[in-house]
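See below for the structure under consideration.
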Amino acid sequence: MWKSPRQSAEKHKGQPRKASAMGYVLQFPLVLCWSLAALAAPGDGSVSVTNIFAPLSTPAEAVYEAALLVLVICAGIFLVVGGLLAYTIIRFRRRPADSGREPPQVYGSSQIELAWTVVPILIVFVLILVTARAIYDVQGAVPPPDALNVTVVGHQWWWEIRYPTLGIVTANELHVPVSNPAKPRPTFLKLASADVAHSFWIPQLAGKTDLIPNRENSMWIEPKHPGTYLGNCAEYCGTQHARMLLRVVAHTPENFAQWVAMQQQPAADDPQVHAGRALFFSTSCVNCHTIGETRTADMFGPDLTHLMSRETLGAGAAPNTPEKLRAWMRDP
Ligand code: HEC
Ligand SMILES: [Cu+2]
């Protein structure tokens with residue numbers, strides 16, 4: 001439950017807060033170890049960890065390779081500079097026997113100056129080439145005829161997901177088929193925003209791309225293993241930004257066809273649900289939400305036609321169970 005700073009301060013009254021800058025510094029190695037452990041165990045088709053070091057889709061792999069090269073080069077530079085610095089500090093430290101005179105001064109050395117100008121230029125040049133190629137591979141990709149097209153609209157604070165060619169509208173869960181190298185089937189996304197800037201980020205599938213009002217961005221993903229990939233909005237978009245989670249479910253082609261067929265069914269209309277349906281259409285819900293035939297292009301809240309096919313409620317705020325759904329209805 002959300003607590004205001006004052007509420008939590010009251011709760012902790014009498015016990016001084018221990019978190020300090022030092023605490024954060026000490027946490028860093030732990031976080032690093034956790035990341036490395038996750039690195040050793042990349043996603044195996046089940047729910048994945050949100051780890052940029054375990055890419056499982058073509059654009060994410062391109063970004064990862066470029067990033068790894070940058071990391072290795074920078075680590076090399078760090079070791080050389082840090083090593084020389086440490087050596088100099090120790091080797092030329094002040095000693096009791098020192099005379100106190102100034103050491104000999106060296107003015108200008110063309111060789112050294114040339115070396116520290118040319119070597120960094122070469123390094124930067126290599127990085128430019130590698131980065132440019134990765135950007136070209138990702139942003140210049142041409143959708144194959146088989147590609148799936150999806151439109152994602154960012155809202156405060158949920159994701160609207162539309163499949164224009166399939167006539168499906170859903171929220172917060174992007175379902176896609178896996179792509180196999182023999183018959184690639186990537187998913188191309190058009191990204192738009194209904195209000196403020198958001199950012200679409202599934203670390204294992206691709207880099208971040210912003211969703212910007214009055215502008216259409218695009219990106220693509222190409223997961224190769226079935227499974228659920230987690231992500232979130234990566235651009236601070238208001239108070240509930242942290243509750244704007246996102247998941248991509250990659251299906252085998254058969255399962256994806258089943259999911260599509262299920263989503264294309266009209267809203268349930270049997271006598272059992274008539275009372276609830278009447279209530280929904282006679283109260284305020286219908287101002288913001290849509291069900292099947294009431295669907296419009298301009299929605300304030302998620303489409304609820306196949307709500308119960310989703311794993312979570314409120315963009316990952318809670319698991320979609322009957323109890324949580326009741327709790328959400330009473331107090332969203
Ligand atoms: C003022 C507009 C508004 C009204 C009125 C409204 N909702 Fe919502 N509803 C939203 C928004 C916006 C969300 C998305 C919240 C989020 O994900 O953080 C939402 C989310 C939901 C969800 C979760 C959907 C999902 O896919 O996770 C359900 C269920 C829901 N509303 C049911 C209802 C019902 C039933 C009513 C009528 C009693 C109602 N809402 C009235 C705006 C509204
Ligand atoms: Cu957002």
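The way I read the labels, and the way they are meant: chains A, B, ... in the order of the structure tokens, residue 1 as the first residue of every chain, and ligand 1 as the first ligand shown, with later ones counted on from there.
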Excluding Leu148 in chain A and any residue of its chain fewer than 4 positions from it, enumerate the residues within 8 Å of it, using only C-alpha atoms, and give them as a PyMOL selection string.
chain A and resi 176+185-188
Close residues to ligand 2 using only C-alpha atoms and all ligand atoms, limit 8 Å, as a PDB file with N, CA and C atoms, in the first residue's frame:
ATOM      1  N   GLY A 154       0.852   4.463 -25.337  1.00  0.00           N
ATOM      2  CA  GLY A 154       1.124   4.649 -23.911  1.00  0.00           C
ATOM      3  C   GLY A 154       0.075   5.550 -23.280  1.00  0.00           C
ATOM      4  N   HIS A 155      -0.413   5.160 -22.111  1.00  0.00           N
ATOM      5  CA  HIS A 155      -1.368   5.974 -21.360  1.00  0.00           C
ATOM      6  C   HIS A 155      -0.831   6.110 -19.945  1.00  0.00           C
ATOM      7  N   GLN A 156      -1.273   7.144 -19.227  1.00  0.00           N
ATOM      8  CA  GLN A 156      -0.998   7.200 -17.799  1.00  0.00           C
ATOM      9  C   GLN A 156      -2.008   6.265 -17.128  1.00  0.00           C
ATOM     10  N   TRP A 157      -1.712   5.048 -16.642  1.00  0.00           N
ATOM     11  CA  TRP A 157      -0.451   4.400 -16.618  1.00  0.00           C
ATOM     12  C   TRP A 157      -0.654   2.971 -17.033  1.00  0.00           C
ATOM     13  N   TRP A 158      -0.886   2.792 -18.325  1.00  0.00           N
ATOM     14  CA  TRP A 158      -1.092   1.447 -18.864  1.00  0.00           C
ATOM     15  C   TRP A 158      -0.796   1.480 -20.360  1.00  0.00           C
ATOM     16  N   VAL A 196       1.431  11.780 -22.124  1.00  0.00           N
ATOM     17  CA  VAL A 196       2.792  12.302 -21.929  1.00  0.00           C
ATOM     18  C   VAL A 196       3.799  11.331 -22.554  1.00  0.00           C
ATOM     19  N   ALA A 197       5.078  11.618 -22.418  1.00  0.00           N
ATOM     20  CA  ALA A 197       6.091  10.721 -22.961  1.00  0.00           C
ATOM     21  C   ALA A 197       6.243   9.486 -22.072  1.00  0.00           C
ATOM     22  N   HIS A 198       6.222   8.315 -22.701  1.00  0.00           N
ATOM     23  CA  HIS A 198       6.488   7.048 -22.026  1.00  0.00           C
ATOM     24  C   HIS A 198       7.641   6.375 -22.775  1.00  0.00           C
ATOM     25  N   SER A 199       8.094   5.240 -22.281  1.00  0.00           N
ATOM     26  CA  SER A 199       9.137   4.539 -23.018  1.00  0.00           C
ATOM     27  C   SER A 199       8.947   3.033 -22.907  1.00  0.00           C
ATOM     28  N   ASN A 232       9.008  -2.624 -18.540  1.00  0.00           N
ATOM     29  CA  ASN A 232       8.256  -1.556 -17.884  1.00  0.00           C
ATOM     30  C   ASN A 232       8.427  -0.260 -18.655  1.00  0.00           C
ATOM     31  N   CYS A 233       7.631   0.709 -18.239  1.00  0.00           N
ATOM     32  CA  CYS A 233       7.787   2.042 -18.812  1.00  0.00           C
ATOM     33  C   CYS A 233       9.116   2.584 -18.309  1.00  0.00           C
ATOM     34  N   ALA A 234       9.935   3.127 -19.211  1.00  0.00           N
ATOM     35  CA  ALA A 234      11.276   3.537 -18.823  1.00  0.00           C
ATOM     36  C   ALA A 234      11.454   5.049 -18.915  1.00  0.00           C
ATOM     37  N   GLU A 235      10.352   5.778 -18.834  1.00  0.00           N
ATOM     38  CA  GLU A 235      10.452   7.242 -18.886  1.00  0.00           C
ATOM     39  C   GLU A 235       9.480   7.747 -17.832  1.00  0.00           C
ATOM     40  N   TYR A 236       9.979   8.494 -16.843  1.00  0.00           N
ATOM     41  CA  TYR A 236       9.096   8.918 -15.762  1.00  0.00           C
ATOM     42  C   TYR A 236       7.894   9.665 -16.328  1.00  0.00           C
ATOM     43  N   CYS A 237       6.684   9.140 -16.050  1.00  0.00           N
ATOM     44  CA  CYS A 237       5.504   9.671 -16.728  1.00  0.00           C
ATOM     45  C   CYS A 237       4.414  10.081 -15.745  1.00  0.00           C
ATOM     46  N   GLY A 238       4.766  10.264 -14.486  1.00  0.00           N
ATOM     47  CA  GLY A 238       3.769  10.688 -13.508  1.00  0.00           C
ATOM     48  C   GLY A 238       3.836   9.820 -12.265  1.00  0.00           C
ATOM     49  N   HIS A 241       4.046   5.952 -12.430  1.00  0.00           N
ATOM     50  CA  HIS A 241       4.973   5.443 -13.444  1.00  0.00           C
ATOM     51  C   HIS A 241       5.526   4.058 -13.086  1.00  0.00           C
ATOM     52  N   MET A 244       3.596   0.850 -14.151  1.00  0.00           N
ATOM     53  CA  MET A 244       3.263   0.752 -15.567  1.00  0.00           C
ATOM     54  C   MET A 244       4.111  -0.351 -16.170  1.00  0.00           C
TER      55      MET A 244
END
Test item: residues no farther than 8 Å from ligand 1, counting only C-alpha atoms and all ligand atoms, as a VMD selection string
chain A and resid 155 to 159 170 to 172 240 243 to 244 280 283 to 289 300 to 304 307 310 312 to 317 320 325 328 to 329 332
With distances taken over only C-alpha atoms, which residue among A:Pro226, A:Pro213, A:Pro103, A:Pro271 lies nearest Val249 in chain A?
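When distances to Val249 in chain A are compared using only C-alpha atoms, the smallest one comes from A:Pro226.
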Enumerate the residues of range 88-314 of chain A with a DSSP assignment of strand (DSSP E or B), computed from the backbone, and present them as a PyMOL selection string.
chain A and resi 148-155+158-163+168-171+173-177+180+183+187-193+198-201+209-211+217-221+223+227-233+245-251+290+303+312-313
How would the residues just chosen look if you wrote them out with C-alpha atoms as an mmCIF file, in the first residue's frame?
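To be explicit, this is the file written out as result.cif:
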data_model
loop_
_atom_site.group_PDB
_atom_site.id
_atom_site.type_symbol
_atom_site.label_atom_id
_atom_site.label_comp_id
_atom_site.auth_asym_id
_atom_site.auth_seq_id
_atom_site.Cartn_x
_atom_site.Cartn_y
_atom_site.Cartn_z
ATOM 1 C CA LEU A 148 3.226 -8.947 -37.426
ATOM 2 C CA ASN A 149 2.186 -5.295 -37.049
ATOM 3 C CA VAL A 150 1.110 -3.984 -33.687
ATOM 4 C CA THR A 151 0.318 -0.484 -32.448
ATOM 5 C CA VAL A 152 1.172 0.349 -28.848
ATOM 6 C CA VAL A 153 -0.270 3.486 -27.249
ATOM 7 C CA GLY A 154 1.124 4.649 -23.911
ATOM 8 C CA HIS A 155 -1.368 5.974 -21.360
ATOM 9 C CA TRP A 158 -1.092 1.447 -18.864
ATOM 10 C CA TRP A 159 -0.397 0.166 -22.363
ATOM 11 C CA GLU A 160 -3.018 -0.023 -25.086
ATOM 12 C CA ILE A 161 -2.144 -2.746 -27.578
ATOM 13 C CA ARG A 162 -3.822 -2.974 -30.989
ATOM 14 C CA TYR A 163 -3.458 -5.493 -33.788
ATOM 15 C CA ILE A 168 -7.732 -7.283 -31.683
ATOM 16 C CA VAL A 169 -7.437 -4.706 -28.901
ATOM 17 C CA THR A 170 -5.934 -5.599 -25.552
ATOM 18 C CA ALA A 171 -3.828 -4.047 -22.800
ATOM 19 C CA GLU A 173 0.335 -7.822 -22.517
ATOM 20 C CA LEU A 174 1.810 -8.022 -25.970
ATOM 21 C CA HIS A 175 1.322 -11.497 -27.433
ATOM 22 C CA VAL A 176 3.557 -12.391 -30.361
ATOM 23 C CA PRO A 177 4.672 -15.525 -32.209
ATOM 24 C CA ASN A 180 12.522 -19.044 -36.264
ATOM 25 C CA LYS A 183 11.027 -18.394 -41.472
ATOM 26 C CA THR A 187 6.893 -8.090 -34.687
ATOM 27 C CA PHE A 188 7.016 -4.441 -35.766
ATOM 28 C CA LEU A 189 5.608 -1.921 -33.333
ATOM 29 C CA LYS A 190 4.218 1.533 -33.953
ATOM 30 C CA LEU A 191 4.529 3.567 -30.787
ATOM 31 C CA ALA A 192 2.300 6.499 -29.885
ATOM 32 C CA SER A 193 1.159 8.238 -26.733
ATOM 33 C CA HIS A 198 6.488 7.048 -22.026
ATOM 34 C CA SER A 199 9.137 4.539 -23.018
ATOM 35 C CA PHE A 200 8.721 0.945 -24.146
ATOM 36 C CA TRP A 201 11.404 -1.291 -22.691
ATOM 37 C CA THR A 209 12.019 3.492 -27.573
ATOM 38 C CA ASP A 210 9.997 6.484 -26.409
ATOM 39 C CA LEU A 211 6.272 6.920 -26.991
ATOM 40 C CA ASN A 217 7.963 6.017 -33.355
ATOM 41 C CA SER A 218 8.669 2.465 -34.356
ATOM 42 C CA MET A 219 10.721 -0.475 -33.183
ATOM 43 C CA TRP A 220 10.729 -4.238 -33.533
ATOM 44 C CA ILE A 221 11.300 -7.361 -31.522
ATOM 45 C CA PRO A 223 11.969 -13.344 -29.675
ATOM 46 C CA GLY A 227 8.144 -17.473 -22.780
ATOM 47 C CA THR A 228 7.133 -14.349 -20.905
ATOM 48 C CA TYR A 229 9.447 -11.367 -21.083
ATOM 49 C CA LEU A 230 9.079 -8.615 -18.507
ATOM 50 C CA GLY A 231 9.554 -4.919 -18.977
ATOM 51 C CA ASN A 232 8.256 -1.556 -17.884
ATOM 52 C CA CYS A 233 7.787 2.042 -18.812
ATOM 53 C CA LEU A 245 4.621 -2.710 -16.152
ATOM 54 C CA LEU A 246 4.598 -4.531 -19.407
ATOM 55 C CA ARG A 247 4.915 -8.139 -20.498
ATOM 56 C CA VAL A 248 5.535 -9.764 -23.830
ATOM 57 C CA VAL A 249 4.317 -13.324 -24.218
ATOM 58 C CA ALA A 250 6.039 -15.154 -27.070
ATOM 59 C CA HIS A 251 4.050 -18.171 -28.296
ATOM 60 C CA THR A 290 -14.907 -0.550 -23.918
ATOM 61 C CA ASP A 303 -10.474 -2.625 -23.283
ATOM 62 C CA THR A 312 -2.302 -9.021 -14.269
ATOM 63 C CA LEU A 313 -4.593 -6.120 -13.387
#
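Take the candidates A:Val138, A:Ala242, A:Met308, A:Val72 and check each one against Ala267 in chain A using only C-alpha atoms; the shortest distance goes to A:Met308.
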